[in-house]
$ cat start-v6.csv   # CSV, C-alpha atoms
chain,number,residue,atom,x,y,z
F,1,MET,CA,-60.3,60.4,80.4
F,2,GLY,CA,-58.4,57.2,81.2
F,3,ARG,CA,-55.4,58.2,79.0
F,4,LEU,CA,-52.0,58.7,80.5
F,5,PRO,CA,-50.3,62.1,79.7
F,6,SER,CA,-47.7,61.8,77.0
F,7,SER,CA,-44.9,62.8,79.4
F,8,ARG,CA,-45.8,59.8,81.6
F,9,VAL,CA,-45.8,57.5,78.6
F,10,ALA,CA,-42.4,58.8,77.5
F,11,ALA,CA,-41.0,58.3,81.0
F,12,ILE,CA,-42.3,54.8,81.1
F,13,ALA,CA,-40.9,54.0,77.7
F,14,VAL,CA,-37.4,55.3,78.6
F,15,GLY,CA,-37.6,53.3,81.9
F,16,VAL,CA,-38.5,50.2,80.0
F,17,VAL,CA,-35.6,50.6,77.5
F,18,VAL,CA,-33.1,51.3,80.3
F,19,ALA,CA,-34.3,48.2,82.2
F,20,LEU,CA,-34.0,46.1,79.1
F,21,LEU,CA,-30.5,47.3,78.5
F,22,VAL,CA,-29.5,46.6,82.1
F,23,VAL,CA,-31.0,43.0,81.8
F,24,LEU,CA,-29.2,42.5,78.5
F,25,LEU,CA,-25.8,43.7,79.9
F,26,ALA,CA,-26.2,41.8,83.2
F,27,THR,CA,-27.0,38.5,81.5
F,28,ARG,CA,-24.2,38.6,79.0
F,29,GLU,CA,-21.1,36.6,79.5
F,30,PRO,CA,-18.6,38.8,81.3
F,31,ALA,CA,-15.7,39.8,79.1
F,32,ALA,CA,-13.2,38.5,81.7
F,33,ASP,CA,-14.7,35.0,81.6
F,34,ARG,CA,-14.6,34.8,77.8
F,35,LYS,CA,-12.2,32.0,77.1
F,36,SER,CA,-9.1,33.2,75.3
F,37,THR,CA,-8.0,30.3,73.2
F,38,SER,CA,-6.6,30.0,69.8
F,39,GLN,CA,-9.1,29.9,67.0
F,40,LEU,CA,-7.0,27.2,65.4
F,41,ILE,CA,-7.6,24.4,67.9
F,42,GLY,CA,-9.4,21.7,66.1
F,43,GLN,CA,-8.8,23.3,62.8
F,44,GLN,CA,-6.5,22.3,59.9
F,45,ALA,CA,-3.1,24.0,60.4
F,46,PRO,CA,-2.6,26.9,58.0
F,47,ALA,CA,0.2,26.8,55.6
F,48,ILE,CA,3.6,28.2,56.6
F,49,GLY,CA,4.6,30.7,54.0
F,50,GLY,CA,8.0,32.2,53.6
F,51,GLU,CA,11.4,30.7,52.8
F,52,PRO,CA,13.5,28.5,55.0
F,53,LEU,CA,16.4,30.4,56.5
F,54,LEU,CA,17.7,27.1,58.0
F,55,GLY,CA,17.0,23.5,57.3
F,56,ASP,CA,15.1,21.8,54.5
F,57,PRO,CA,11.9,23.0,53.0
F,58,PHE,CA,9.0,21.6,54.8
F,59,ASP,CA,5.3,21.3,54.0
F,60,ILE,CA,3.1,21.0,57.0
F,61,GLY,CA,0.3,19.6,55.0
F,62,ALA,CA,2.3,16.7,53.8
F,63,THR,CA,3.7,15.0,56.9
F,64,ASP,CA,2.6,12.1,59.0
F,65,ARG,CA,4.5,13.3,62.1
F,66,TRP,CA,3.6,15.5,65.0
F,67,VAL,CA,4.8,19.0,64.4
F,68,VAL,CA,5.6,21.7,66.9
F,69,VAL,CA,5.3,25.1,65.1
F,70,ASN,CA,7.2,27.6,67.2
F,71,PHE,CA,7.1,31.3,66.6
F,72,PHE,CA,10.1,33.1,68.1
F,73,ALA,CA,12.5,36.0,67.9
F,74,SER,CA,16.1,36.3,69.0
F,75,TRP,CA,15.3,39.4,71.0
F,76,CYS,CA,12.6,37.7,73.0
F,77,VAL,CA,13.8,36.5,76.4
F,78,PRO,CA,11.2,33.8,77.0
F,79,CYS,CA,12.1,32.5,73.6
F,80,VAL,CA,15.7,32.1,74.7
F,81,GLU,CA,14.4,30.4,77.9
F,82,GLU,CA,12.2,27.9,76.2
F,83,HIS,CA,14.7,27.0,73.4
F,84,PRO,CA,16.5,24.2,75.3
F,85,GLU,CA,13.1,22.5,75.9
F,86,LEU,CA,12.5,22.5,72.2
F,87,VAL,CA,16.0,21.2,71.5
F,88,ALA,CA,15.5,18.4,74.0
F,89,PHE,CA,12.1,17.5,72.5
F,90,SER,CA,13.5,17.5,69.0
F,91,GLU,CA,16.4,15.3,70.0
F,92,GLU,CA,14.1,12.9,71.9
F,93,HIS,CA,11.8,12.4,68.9
F,94,ALA,CA,14.5,12.4,66.3
F,95,GLU,CA,15.2,8.8,67.3
F,96,THR,CA,11.6,7.6,66.9
F,97,GLY,CA,10.8,9.9,64.0
F,98,ASP,CA,7.3,10.6,65.3
F,99,ALA,CA,7.6,14.4,65.9
F,100,ARG,CA,9.6,17.4,64.8
F,101,VAL,CA,9.9,21.1,65.4
F,102,VAL,CA,9.7,23.9,62.9
F,103,SER,CA,10.3,27.6,63.8
F,104,VAL,CA,8.9,30.7,62.3
F,105,VAL,CA,10.8,34.0,62.7
F,106,TYR,CA,8.7,36.8,64.2
F,107,SER,CA,10.0,40.3,63.3
F,108,ASP,CA,13.7,39.6,63.4
F,109,LYS,CA,16.8,40.0,61.3
F,110,GLU,CA,18.2,37.0,59.4
F,111,GLU,CA,21.7,37.3,60.9
F,112,ASP,CA,20.3,37.5,64.4
F,113,VAL,CA,18.3,34.3,63.8
F,114,LEU,CA,21.3,32.5,62.4
F,115,ASP,CA,23.4,33.7,65.4
F,116,PHE,CA,20.6,32.5,67.8
F,117,PHE,CA,20.6,29.0,66.4
F,118,GLY,CA,24.4,28.9,66.3
F,119,ARG,CA,24.5,29.7,70.0
F,120,PHE,CA,21.6,27.8,71.4
F,121,GLY,CA,21.4,24.8,69.0
F,122,GLY,CA,18.5,23.2,67.3
F,123,ASP,CA,18.7,21.8,63.8
F,124,TRP,CA,15.3,22.1,62.4
F,125,THR,CA,13.7,24.1,59.6
F,126,VAL,CA,13.4,27.8,60.4
F,127,PHE,CA,11.1,29.9,58.2
F,128,ASP,CA,11.5,33.6,57.6
F,129,SER,CA,8.7,35.8,58.9
F,130,ASP,CA,7.2,36.4,55.4
F,131,GLN,CA,6.4,40.0,56.6
F,132,GLY,CA,4.5,38.6,59.5
F,133,ARG,CA,1.9,37.0,57.3
F,134,THR,CA,2.5,33.5,58.7
F,135,ALA,CA,2.1,34.8,62.2
F,136,LEU,CA,-1.1,36.5,61.2
F,137,ASP,CA,-2.6,33.4,59.6
F,138,TRP,CA,-1.8,31.5,62.8
F,139,GLY,CA,-3.1,34.3,65.0
F,140,VAL,CA,0.2,35.0,66.7
F,141,ALA,CA,0.3,38.5,68.4
F,142,ARG,CA,3.3,38.0,70.7
F,143,VAL,CA,6.2,35.6,70.9
F,144,PRO,CA,6.9,32.9,72.0
F,145,GLU,CA,3.9,31.0,70.8
F,146,SER,CA,3.9,27.3,69.9
F,147,TYR,CA,1.2,25.1,68.3
F,148,LEU,CA,1.2,21.4,68.4
F,149,VAL,CA,-0.1,19.9,65.1
F,150,ALA,CA,-1.3,16.3,65.1
F,151,PRO,CA,-0.2,13.9,62.3
F,152,THR,CA,-3.7,14.5,60.8
F,153,GLY,CA,-2.8,18.1,60.2
F,154,VAL,CA,-5.1,19.3,62.9
F,155,VAL,CA,-3.9,21.8,65.5
F,156,VAL,CA,-4.5,20.2,69.0
F,157,ALA,CA,-2.7,22.5,71.4
F,158,TRP,CA,-1.6,26.1,71.8
F,159,PHE,CA,1.2,27.3,74.1
F,160,VAL,CA,1.9,30.9,74.9
F,161,SER,CA,4.9,32.4,76.6
F,162,GLY,CA,7.0,29.3,76.5
F,163,VAL,CA,6.6,25.5,76.2
F,164,THR,CA,8.3,22.6,77.8
F,165,GLN,CA,9.3,19.1,76.6
F,166,THR,CA,7.1,17.6,79.3
F,167,GLU,CA,4.0,19.6,78.2
F,168,LEU,CA,4.4,18.7,74.6
F,169,ASN,CA,4.9,15.0,75.4
F,170,ALA,CA,1.9,15.0,77.7
F,171,VAL,CA,-0.4,16.3,75.0
F,172,ILE,CA,0.9,13.8,72.5
F,173,ASP,CA,0.5,10.9,75.0
F,174,ARG,CA,-3.0,11.9,75.9
F,175,TYR,CA,-4.0,12.3,72.3
F,176,THR,CA,-2.5,9.0,71.3
F,177,GLN,CA,-4.3,7.2,74.1
F,178,GLU,CA,-7.6,8.8,73.2
F,179,THR,CA,-7.5,8.0,69.5
F,180,GLY,CA,-5.8,4.6,70.2
F,181,SER,CA,-3.3,5.1,67.5
T,1,MET,CA,-61.2,87.9,57.6
T,2,THR,CA,-62.6,85.6,60.1
T,3,SER,CA,-60.6,83.6,62.6
T,4,THR,CA,-61.6,80.3,60.9
T,5,ALA,CA,-60.3,81.4,57.5
T,6,SER,CA,-57.1,82.6,59.0
T,7,LYS,CA,-56.5,79.3,60.8
T,8,GLY,CA,-57.2,77.3,57.6
T,9,SER,CA,-54.7,79.3,55.5
T,10,ARG,CA,-52.0,79.2,58.2
T,11,SER,CA,-52.1,75.5,58.6
T,12,THR,CA,-51.8,75.0,54.8
T,13,VAL,CA,-48.9,77.3,54.5
T,14,GLY,CA,-47.4,76.0,57.7
T,15,TRP,CA,-46.5,72.6,56.3
T,16,TRP,CA,-44.7,73.7,53.1
T,17,PRO,CA,-41.5,74.9,54.7
T,18,TRP,CA,-41.2,71.6,56.5
T,19,VAL,CA,-41.7,69.5,53.4
T,20,LEU,CA,-39.2,71.7,51.5
T,21,MET,CA,-36.7,71.3,54.3
T,22,ALA,CA,-37.1,67.6,54.4
T,23,VAL,CA,-36.6,67.4,50.6
T,24,VAL,CA,-33.4,69.5,50.9
T,25,VAL,CA,-32.0,67.4,53.8
T,26,VAL,CA,-32.7,64.2,52.0
T,27,ALA,CA,-31.2,65.5,48.7
T,28,LEU,CA,-28.1,66.8,50.5
T,29,LEU,CA,-27.6,63.5,52.4
T,30,ALA,CA,-28.0,61.6,49.2
T,31,VAL,CA,-25.5,63.7,47.3
T,32,GLY,CA,-23.1,63.6,50.3
T,33,SER,CA,-23.2,59.9,50.7
T,34,LEU,CA,-23.6,58.7,47.2
T,35,GLY,CA,-21.8,61.3,45.2
T,36,GLY,CA,-18.1,61.6,44.7
T,37,ASP,CA,-15.6,59.2,43.4
T,38,PRO,CA,-15.4,55.7,44.9
T,39,PRO,CA,-12.5,55.5,47.5
T,40,THR,CA,-9.1,54.5,46.1
T,41,LEU,CA,-7.4,51.4,47.4
T,42,GLU,CA,-5.1,53.6,49.5
T,43,GLU,CA,-8.0,55.3,51.1
T,44,ARG,CA,-9.7,52.0,51.8
T,45,ALA,CA,-6.5,50.7,53.2
T,46,GLN,CA,-6.2,53.7,55.5
T,47,ASN,CA,-9.8,53.3,56.7
T,48,LEU,CA,-9.3,49.6,57.4
T,49,GLU,CA,-6.0,50.3,59.2
T,50,GLU,CA,-7.9,52.8,61.4
T,51,SER,CA,-10.7,50.4,62.1
T,52,ILE,CA,-8.7,47.4,63.2
T,53,ARG,CA,-6.8,47.3,66.5
T,54,CYS,CA,-3.2,46.2,66.4
T,55,PRO,CA,-3.3,42.6,67.7
T,56,SER,CA,-0.5,43.0,70.2
T,57,CYS,CA,-1.4,46.4,71.4
T,58,ALA,CA,-3.9,47.5,74.1
T,59,ARG,CA,-5.5,50.4,72.3
T,60,GLN,CA,-3.7,51.5,69.2
T,61,SER,CA,-5.1,51.0,65.8
T,62,VAL,CA,-3.1,49.2,63.1
T,63,ALA,CA,-2.6,52.6,61.5
T,64,ASN,CA,-0.9,54.0,64.6
T,65,SER,CA,1.3,51.2,65.6
T,66,ASP,CA,4.8,50.0,64.6
T,67,ALA,CA,4.4,46.7,66.3
T,68,PRO,CA,5.2,43.6,64.1
T,69,SER,CA,1.7,42.4,64.4
T,70,ALA,CA,0.4,45.7,63.1
T,71,GLU,CA,2.8,45.6,60.2
T,72,ALA,CA,1.5,42.1,59.3
T,73,VAL,CA,-2.1,43.3,59.3
T,74,ARG,CA,-1.0,46.2,57.0
T,75,VAL,CA,0.6,43.8,54.6
T,76,LEU,CA,-2.5,41.6,54.7
T,77,ILE,CA,-4.8,44.5,54.0
T,78,SER,CA,-2.9,45.7,51.0
T,79,GLU,CA,-2.7,42.2,49.6
T,80,ARG,CA,-6.3,41.5,50.1
T,81,LEU,CA,-7.5,44.8,48.7
T,82,GLU,CA,-5.5,44.2,45.5
T,83,ALA,CA,-7.0,40.7,45.3
T,84,GLY,CA,-10.4,42.4,45.3
T,85,ASP,CA,-11.7,41.5,48.7
T,86,SER,CA,-14.3,43.7,50.4
T,87,ASN,CA,-13.6,45.7,53.5
T,88,GLU,CA,-15.9,43.5,55.5
T,89,GLU,CA,-14.2,40.3,54.3
T,90,ILE,CA,-10.8,41.6,55.3
T,91,ARG,CA,-12.1,42.7,58.8
T,92,ASP,CA,-13.7,39.3,59.2
T,93,TYR,CA,-10.5,37.5,58.2
T,94,VAL,CA,-8.4,39.3,60.7
T,95,ALA,CA,-11.0,38.8,63.4
T,96,SER,CA,-11.2,35.1,62.6
T,97,ARG,CA,-7.5,34.6,63.2
T,98,TYR,CA,-7.0,35.8,66.8
T,99,PRO,CA,-8.3,34.7,70.1
T,100,ASN,CA,-11.3,37.0,70.9
T,101,GLY,CA,-10.7,38.4,67.4
T,102,ARG,CA,-14.0,40.4,67.2
T,103,GLN,CA,-12.5,42.7,69.8
T,104,LEU,CA,-9.9,43.8,67.3
T,105,LEU,CA,-12.6,45.5,65.3
T,106,LEU,CA,-12.8,49.1,66.5
T,107,ASP,CA,-16.0,49.9,64.7
T,108,PRO,CA,-18.8,47.8,66.1
T,109,THR,CA,-20.3,45.7,63.4
T,110,GLY,CA,-23.9,46.2,62.5
T,111,GLU,CA,-25.1,42.8,63.7
T,112,GLY,CA,-26.0,41.4,67.1
T,113,PHE,CA,-25.3,43.4,70.1
T,114,GLY,CA,-23.2,45.9,68.2
T,115,ALA,CA,-26.1,46.9,66.1
T,116,LEU,CA,-27.5,48.7,69.2
T,117,VAL,CA,-24.7,51.2,69.0
T,118,TRP,CA,-25.8,52.2,65.5
T,119,ALA,CA,-29.6,51.9,66.0
T,120,LEU,CA,-30.1,53.6,69.3
T,121,PRO,CA,-29.1,57.1,68.2
T,122,VAL,CA,-31.4,56.9,65.2
T,123,VAL,CA,-34.2,55.7,67.4
T,124,ALA,CA,-33.5,58.4,69.9
T,125,VAL,CA,-33.6,61.1,67.2
T,126,ILE,CA,-36.9,59.8,65.8
T,127,VAL,CA,-38.5,59.6,69.2
T,128,ALA,CA,-37.3,63.1,70.1
T,129,VAL,CA,-38.6,64.6,66.9
T,130,ALA,CA,-41.9,62.7,67.3
T,131,ALA,CA,-42.2,64.0,70.9
T,132,LEU,CA,-41.5,67.6,69.8
T,133,VAL,CA,-44.0,67.4,67.0
T,134,ARG,CA,-46.5,65.9,69.4
T,135,ARG,CA,-45.9,68.6,72.0
T,136,PHE,CA,-45.7,71.6,69.8
T,137,GLY,CA,-47.8,70.4,66.9
T,138,ASP,CA,-50.8,72.3,67.9
T,139,TRP,CA,-49.0,75.4,69.1
T,140,ARG,CA,-49.3,78.4,66.8
T,141,PRO,CA,-47.9,81.7,68.1
T,142,GLY,CA,-50.0,84.6,67.0
T,143,GLU,CA,-52.8,82.4,66.0
T,144,LEU,CA,-54.8,83.2,69.1
T,145,GLN,CA,-56.9,86.2,68.4
T,146,ALA,CA,-59.1,87.6,71.0
T,147,THR,CA,-62.7,87.6,70.1
T,148,GLU,CA,-65.4,90.0,71.3
T,149,GLU,CA,-66.4,87.3,73.8
T,150,ASP,CA,-62.9,87.3,75.2
T,151,ARG,CA,-62.8,91.0,75.5
T,152,ASP,CA,-66.2,91.0,77.3
T,153,LEU,CA,-64.9,88.4,79.7
T,154,VAL,CA,-61.9,90.4,80.5
T,155,ALA,CA,-63.8,93.6,80.9
T,156,ALA,CA,-66.3,91.9,83.3
T,157,ALA,CA,-63.4,90.5,85.3
T,158,LEU,CA,-61.7,93.9,85.6
T,159,ALA,CA,-65.0,95.5,86.5
T,160,ARG,CA,-65.5,93.0,89.3
T,161,ARG,CA,-62.0,93.6,90.6
T,162,GLY,CA,-62.6,97.3,90.5
T,163,GLU,CA,-65.7,97.0,92.6
T,164,ALA,CA,-63.9,94.8,95.1
T,165,GLY,CA,-61.2,97.4,95.4
T,166,ALA,CA,-63.7,100.2,95.9
T,167,ASP,CA,-65.5,98.1,98.6
T,168,GLY,CA,-62.5,98.4,100.7
T,169,GLY,CA,-59.2,96.7,101.0
T,170,ASN,CA,-56.5,96.2,98.5
T,171,GLY,CA,-56.6,92.9,96.7
T,172,PRO,CA,-53.5,90.8,97.1
T,173,ASP,CA,-52.5,91.5,93.6
T,174,GLY,CA,-54.7,94.4,92.9
T,175,GLY,CA,-52.0,96.7,91.8
T,176,SER,CA,-50.2,96.5,88.6
T,177,GLY,CA,-51.5,96.8,85.2
T,178,PRO,CA,-52.2,99.4,82.6
T,179,TYR,CA,-55.9,99.2,83.2
T,180,GLY,CA,-57.8,102.2,84.5
T,181,ALA,CA,-59.6,100.9,87.5
T,182,PRO,CA,-57.0,98.9,89.2
T,183,SER,CA,-54.3,101.5,88.8
T,184,VAL,CA,-56.2,103.7,91.1
T,185,ASP,CA,-56.3,100.9,93.6
T,186,ALA,CA,-52.6,100.4,93.2
T,187,ALA,CA,-51.9,104.0,94.1
T,188,GLY,CA,-53.9,103.4,97.3
T,189,GLY,CA,-52.0,100.2,98.0
T,190,ASP,CA,-48.7,101.9,97.7
T,191,GLU,CA,-49.5,104.4,100.4
T,192,SER,CA,-50.3,101.8,103.0
$ encode --input "start-v6.csv" --output "structure tokens"
Amino acid sequence: MGRLPSSRVAAIAVGVVVALLVVLLATREPAADRKSTSQLIGQQAPAIGGEPLLGDPFDIGATDRWVVVNFFASWCVPCVEEHPELVAFSEEHAETGDARVVSVVYSDKEEDVLDFFGRFGGDWTVFDSDQGRTALDWGVARVPESYLVAPTGVVVAWFVSGVTQTELNAVIDRYTQETGS
Amino acid sequence: MTSTASKGSRSTVGWWPWVLMAVVVVALLAVGSLGGDPPTLEERAQNLEESIRCPSCARQSVANSDAPSAEAVRVLISERLEAGDSNEEIRDYVASRYPNGRQLLLDPTGEGFGALVWALPVVAVIVAVAALVRRFGDWRPGELQATEEDRDLVAAALARRGEAGADGGNGPDGGSGPYGAPSVDAAGGDES
């Protein structure tokens, strides 16, 4: 007859489909290798909503300085640990006026935030959490997270679980050399 | 009634229940999926909250989590729904915010690799039904009616067996059966 029995055809079809699936899955990029980076790198910084709890109102879209946008909470231990670094960075650049820090509260009470800044220092603008909307727009899922925004308004670096003065200055120096500005 | 006539009428009648059943199934599915009131904003919000993973959690959906990030997504969903955004726009927005954001979507999307999850079961059902139809399409219980020719063949075979039994020796299976000649043989076989 020359025709394969239908059971044989079905078995071959199933085999081919399974083989294709195996090839498809084997050649995909492994989930573990997928780079976990902020979607914001290279993008224009989103607006910071909410009201300032401390400091002057500040519009991130209308500044010609480097801006460190720091998401924090008073209950977060790494936030307490990184805070002196931000204070040092802020003081260093206050003289030259080329960079500043703003903080955004992440799920915290106003009095705890005021107490936090009273104890650990820092005199920059602190925005309330705006019901978490600012954090969502920036893609913040855990604190602390910090974003370094270039004077052009583009996000150039993302720091999770703490940032240091040295790291921030290194990125600014590298970027300044590259662009020659 | 000849066997040909019987076959013809059976196959004509045989398809009607299937057509009727298909019509009923399609009608019920159409009523079930298209009928009813459109979902309210609260229902859509609930569905969305269940279909998006809380960004700071390992497995919980936004609906099941008290984490601040889940609360933020809930606020976003209600704001966006009231602004008239579609479910897919809201899901896309949340996914576009976070690193590896597509992984926050608990329902796989219907595009790319995720489409397989939706398509494969449908393909499997179609293939299975097609295989069943192919396998059992010709099968008609009760359609087989013995003709005179068949009866003659059986009678001849039984007669041969009967002779073999009489010639001596019990056939290996020459025993059971309601037929006259072999049953004698069977009685003999039992004694040995």
$ residues_around --input "start-v6.csv" --residues "Gln46 (chain T)" --least-positions-apart "2" --cutoff "12 Å" --atoms "only C-alpha atoms" --output "list of chain:residue names"
T:Pro39, T:Thr40, T:Leu41, T:Glu42, T:Glu43, T:Arg44, T:Leu48, T:Glu49, T:Glu50, T:Ser51, T:Ile52, T:Ser61, T:Val62, T:Ala63, T:Asn64, T:Val73, T:Arg74, T:Ile77, T:Ser78, T:Leu81, T:Asn87
$ interface_residues --input "start-v6.csv" --of "chain T" --to "chain F" --cutoff "10 Å" --atoms "only C-alpha atoms" --output "PDB file with C-alpha atoms, in the coordinates of the input"
ATOM      1  CA  CYS T  54      -3.200  46.200  66.400  1.00  0.00           C
ATOM      2  CA  PRO T  55      -3.300  42.600  67.700  1.00  0.00           C
ATOM      3  CA  SER T  56      -0.500  43.000  70.200  1.00  0.00           C
ATOM      4  CA  CYS T  57      -1.400  46.400  71.400  1.00  0.00           C
ATOM      5  CA  ALA T  67       4.400  46.700  66.300  1.00  0.00           C
ATOM      6  CA  PRO T  68       5.200  43.600  64.100  1.00  0.00           C
ATOM      7  CA  SER T  69       1.700  42.400  64.400  1.00  0.00           C
ATOM      8  CA  ALA T  70       0.400  45.700  63.100  1.00  0.00           C
ATOM      9  CA  GLU T  71       2.800  45.600  60.200  1.00  0.00           C
ATOM     10  CA  ALA T  72       1.500  42.100  59.300  1.00  0.00           C
ATOM     11  CA  VAL T  73      -2.100  43.300  59.300  1.00  0.00           C
ATOM     12  CA  ARG T  74      -1.000  46.200  57.000  1.00  0.00           C
ATOM     13  CA  VAL T  75       0.600  43.800  54.600  1.00  0.00           C
ATOM     14  CA  LEU T  76      -2.500  41.600  54.700  1.00  0.00           C
ATOM     15  CA  TYR T  93     -10.500  37.500  58.200  1.00  0.00           C
ATOM     16  CA  VAL T  94      -8.400  39.300  60.700  1.00  0.00           C
ATOM     17  CA  ALA T  95     -11.000  38.800  63.400  1.00  0.00           C
ATOM     18  CA  SER T  96     -11.200  35.100  62.600  1.00  0.00           C
ATOM     19  CA  ARG T  97      -7.500  34.600  63.200  1.00  0.00           C
ATOM     20  CA  TYR T  98      -7.000  35.800  66.800  1.00  0.00           C
ATOM     21  CA  PRO T  99      -8.300  34.700  70.100  1.00  0.00           C
ATOM     22  CA  ASN T 100     -11.300  37.000  70.900  1.00  0.00           C
ATOM     23  CA  GLY T 101     -10.700  38.400  67.400  1.00  0.00           C
ATOM     24  CA  PHE T 113     -25.300  43.400  70.100  1.00  0.00           C
ATOM     25  CA  LEU T 116     -27.500  48.700  69.200  1.00  0.00           C
ATOM     26  CA  VAL T 127     -38.500  59.600  69.200  1.00  0.00           C
ATOM     27  CA  ALA T 128     -37.300  63.100  70.100  1.00  0.00           C
ATOM     28  CA  ALA T 131     -42.200  64.000  70.900  1.00  0.00           C
ATOM     29  CA  ARG T 134     -46.500  65.900  69.400  1.00  0.00           C
ATOM     30  CA  ARG T 135     -45.900  68.600  72.000  1.00  0.00           C
TER      31      ARG T 135
END
$ atom_distance --input "start-v6.csv" --atom1 "CA of Cys76 (chain F)" --atom2 "CA of Lys109 (chain F)"
12.6 Å
$ closest_residue --input "start-v6.csv" --among "F:Thr176, F:Thr152, F:Ser74, F:Asn169" --to "Phe120 (chain F)" --atoms "only C-alpha atoms"
F:Ser74
$ atom_distance --input "start-v6.csv" --atom1 "CA of Val26 (chain T)" --atom2 "CA of Pro108 (chain T)"
25.7 Å
$ residues_around --input "start-v6.csv" --residues "Asp56 (chain F)" --least-positions-apart "5" --cutoff "10 Å" --atoms "only C-alpha atoms" --output "number ranges by chain"
F: 51, 123-127
$ atom_distance --input "start-v6.csv" --atom1 "CA of Gly15 (chain F)" --atom2 "CA of Gly137 (chain T)"
24.9 Å
$ residues_around --input "start-v6.csv" --residues "Gln165 (chain F)" --least-positions-apart "5" --cutoff "9 Å" --atoms "only C-alpha atoms" --output "short mmCIF file (atom, residue, chain, number, x, y, z; two decimals) with C-alpha atoms, in the frame of the given file"
data_model
loop_
_atom_site.label_atom_id
_atom_site.label_comp_id
_atom_site.auth_asym_id
_atom_site.auth_seq_id
_atom_site.Cartn_x
_atom_site.Cartn_y
_atom_site.Cartn_z
CA PRO F 84 16.50 24.20 75.30
CA GLU F 85 13.10 22.50 75.90
CA LEU F 86 12.50 22.50 72.20
CA VAL F 87 16.00 21.20 71.50
CA ALA F 88 15.50 18.40 74.00
CA PHE F 89 12.10 17.50 72.50
CA SER F 90 13.50 17.50 69.00
CA ALA F 170 1.90 15.00 77.70
#
$ residues_around --input "start-v6.csv" --residues "Pro151 (chain F)" --least-positions-apart "4" --cutoff "6 Å" --atoms "all atoms listed in the file" --output "number ranges by chain"
F: 64-66
$ decode --input "start-v6.csv" --residues "region 114-139 of chain F" --atoms "C-alpha atoms" --output "CSV table (one decimal), in the first residue's frame"
chain,number,residue,atom,x,y,z
F,114,LEU,CA,10.7,63.7,59.9
F,115,ASP,CA,12.3,61.9,62.9
F,116,PHE,CA,14.6,60.0,60.5
F,117,PHE,CA,15.9,63.2,58.9
F,118,GLY,CA,16.1,64.9,62.3
F,119,ARG,CA,18.4,62.1,63.6
F,120,PHE,CA,20.5,61.3,60.5
F,121,GLY,CA,20.7,64.6,58.8
F,122,GLY,CA,20.3,65.6,55.2
F,123,ASP,CA,18.7,68.8,54.1
F,124,TRP,CA,17.2,68.0,50.7
F,125,THR,CA,13.7,67.8,49.4
F,126,VAL,CA,11.8,64.7,50.6
F,127,PHE,CA,8.6,63.8,48.8
F,128,ASP,CA,5.7,61.8,50.3
F,129,SER,CA,5.0,58.4,48.8
F,130,ASP,CA,1.9,59.5,46.8
F,131,GLN,CA,0.4,56.2,47.7
F,132,GLY,CA,3.3,54.4,46.1
F,133,ARG,CA,2.6,55.8,42.7
F,134,THR,CA,6.0,57.5,42.3
F,135,ALA,CA,7.7,54.2,43.2
F,136,LEU,CA,5.6,52.4,40.7
F,137,ASP,CA,6.3,54.9,38.0
F,138,TRP,CA,10.1,54.4,38.7
F,139,GLY,CA,9.8,50.7,39.0
